[in-house]
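Peer 1: Input structure: entry_26.cif, which contains mmCIF, C-alpha atoms.
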data_data
#
loop_
_atom_site.label_atom_id
_atom_site.label_comp_id
_atom_site.auth_asym_id
_atom_site.auth_seq_id
_atom_site.Cartn_x
_atom_site.Cartn_y
_atom_site.Cartn_z
CA MET A 16 5.04 -11.59 57.44
CA GLY A 17 1.27 -11.22 57.70
CA ASP A 18 -1.00 -13.82 59.25
CA LYS A 19 -2.22 -14.88 55.77
CA GLY A 20 1.29 -15.42 54.41
CA GLY A 21 1.74 -12.09 52.60
CA GLY A 22 4.90 -10.08 52.77
CA GLY A 23 5.55 -7.26 55.14
CA GLY A 24 5.20 -4.61 52.47
CA SER A 25 8.76 -4.64 51.19
CA ALA A 26 9.37 -4.66 47.45
CA LEU A 27 10.25 -8.04 45.99
CA TYR A 28 12.59 -6.40 43.48
CA ASP A 29 14.72 -3.33 43.82
CA PRO A 30 13.03 -0.68 41.59
CA ALA A 31 16.40 0.94 40.84
CA LYS A 32 17.72 -2.33 39.38
CA LEU A 33 14.60 -2.73 37.23
CA GLU A 34 14.78 0.80 35.79
CA PRO A 35 16.83 -0.18 32.70
CA TYR A 36 14.05 -2.60 31.69
CA ARG A 37 11.15 -0.15 31.99
CA PRO A 38 9.47 0.49 28.60
CA ARG A 39 10.40 3.90 27.26
CA ARG A 40 8.91 6.34 24.82
CA PRO A 41 11.00 8.97 23.10
CA ALA A 42 11.10 12.26 24.99
CA PRO A 43 8.52 14.73 23.64
CA VAL A 44 9.77 17.71 21.67
CA GLU A 45 8.49 21.21 22.48
CA PRO A 46 9.44 23.91 19.95
CA ALA A 47 8.81 27.58 20.61
CA ARG A 48 5.15 28.65 20.47
CA GLU A 49 5.78 30.97 17.50
CA ASP A 50 7.09 28.01 15.46
CA LEU A 51 3.91 25.93 15.77
CA ASP A 52 2.15 27.57 12.79
CA ARG A 53 5.23 27.64 10.53
CA GLU A 54 5.17 25.68 7.29
CA VAL A 55 8.21 23.43 6.85
CA THR A 56 9.44 20.49 4.82
CA LEU A 57 10.28 17.24 6.61
CA GLY A 58 13.96 18.24 6.57
CA GLY A 59 13.09 21.68 7.94
CA PHE A 60 11.13 20.05 10.76
CA ALA A 61 14.12 17.83 11.58
CA ARG A 62 16.38 20.90 11.79
CA LEU A 63 13.82 22.72 13.94
CA ILE A 64 13.68 19.93 16.53
CA GLY A 65 17.41 19.19 16.32
CA VAL A 66 17.44 15.65 14.91
CA ASP A 67 19.04 14.11 11.85
CA GLY A 68 16.83 14.56 8.79
CA ARG A 69 16.82 10.81 8.14
CA SER A 70 15.04 10.28 11.46
CA VAL A 71 12.02 12.14 10.11
CA THR A 72 12.17 11.06 6.47
CA GLN A 73 12.34 7.38 7.37
CA ILE A 74 8.85 7.77 8.80
CA LYS A 75 7.74 8.87 5.34
CA ASP A 76 9.36 5.76 3.84
CA ASP A 77 8.35 3.23 6.51
CA ARG A 78 4.99 4.54 7.74
CA PRO A 79 3.61 7.15 5.31
CA ASP A 80 0.13 6.72 6.83
CA THR A 81 1.33 8.44 10.00
CA LEU A 82 2.24 11.67 8.18
CA PRO A 83 -0.36 14.45 8.31
CA ASP A 84 -1.71 16.03 5.15
CA THR A 85 0.39 18.79 3.63
CA VAL A 86 -0.60 22.44 3.97
CA ASP A 87 -2.42 22.18 0.64
CA GLY A 88 -4.41 19.13 1.81
CA ARG A 89 -2.52 16.48 -0.15
CA ARG A 90 -0.46 13.47 0.90
CA TRP A 91 3.33 13.53 0.72
CA TYR A 92 5.11 14.68 -2.44
CA PRO A 93 8.71 15.93 -2.95
CA ARG A 94 9.39 19.13 -1.00
CA ALA A 95 5.90 19.04 0.51
CA ARG A 96 5.26 21.56 3.27
CA TYR A 97 3.56 20.72 6.57
CA ARG A 98 2.49 22.71 9.59
CA VAL A 99 4.92 22.25 12.47
CA ARG A 100 1.97 21.68 14.82
CA ASP A 101 0.83 18.61 12.80
CA LEU A 102 4.31 17.13 12.45
CA LEU A 103 4.90 17.68 16.15
CA LEU A 104 1.79 15.67 17.01
CA MET A 105 3.01 12.84 14.78
CA TRP A 106 6.58 13.01 16.13
CA ASN A 107 5.62 13.06 19.81
CA SER A 108 3.23 10.13 19.40
CA ARG A 109 5.98 7.75 18.28
CA PRO A 110 5.66 4.64 20.41
CA GLY A 111 9.36 3.86 20.72
CA GLN A 112 11.33 0.77 19.78
CA GLY A 113 10.40 -2.86 19.90
CA SER A 114 8.26 -5.34 18.04
CA GLY A 115 4.63 -4.38 17.88
CA SER A 116 5.47 -0.76 18.65
CA ASP A 117 2.94 0.52 16.09
CA ARG A 118 0.16 -1.10 18.09
CA ARG A 119 1.19 1.10 21.03
CA ARG A 120 0.95 4.28 18.94
CA PRO A 121 -1.98 6.45 19.96
CA PRO A 122 -4.39 7.16 17.09
CA LEU A 123 -3.66 10.31 15.10
CA PRO A 124 -6.49 12.57 13.92
CA TRP A 125 -5.78 11.96 10.22
CA THR A 126 -5.54 8.15 10.42
CA ALA A 127 -8.44 5.76 10.21
CA PRO A 128 -9.09 3.77 13.39
CA ARG A 129 -7.44 0.33 13.32
CA ALA A 130 -9.47 -2.83 13.71
CA GLU A 131 -8.44 -4.63 16.87
CA GLU A 132 -6.50 -7.80 16.10
#
Rewrite the coordinates I just gave you, this time as structure tokens.

Peer 2:
Amino acid sequence: MGDKGGGGGSALYDPAKLEPYRPRRPAPVEPAREDLDREVTLGGFARLIGVDGRSVTQIKDDRPDTLPDTVDGRRWYPRARYRVRDLLLMWNSRPGQGSGSDRRRPPLPWTAPRAEE
């Protein structure tokens, strides 16, 4: 113990025991470099990164503002095609689970800045 009452430098909690409670973000996906300029549908992107197609399409249903513009400059429409590079930026910026998770999402180039609440 120090002369001002502080501890001797030992951790109050065991970091290994706290690990399960550390906030987590989904692991980033890194497709092959030659795939970055491909044009794909949302389902094609899901297959490319190896996830269930519903994982990607639910973003379209729940948060369509986070989707990039299509290759022809429009918003989503059935069988719309996107550049893998743009979808990858959106996918890897997902904030993870938990209430208020959208507030932890970094801003995307195609979204308007949010007013601070």

Peer 1: Evaluated on this file, the PyMOL selection byres ((chain A and resi 47-57) around 10) picks out some residues - which ones are they, written as a VMD selection string?

Peer 2: chain A and resid 44 to 46 58 to 64 68 to 72 74 to 75 82 85 to 86 91 93 to 103

Peer 1: Which residue, A:Pro83, A:Pro30, A:Gly88, A:Pro35, has the smallest gap to A:Trp106 when you use only C-alpha atoms?

Peer 2: A:Pro83

Peer 1: Kindly indicate which residue among A:Pro43, A:Ala31, A:Tyr36, A:Arg109 lies nearest to A:Thr81, using all atoms listed in the file for the distances.

Peer 2: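 Closest residue, counting all atoms listed in the file: A:Arg109.
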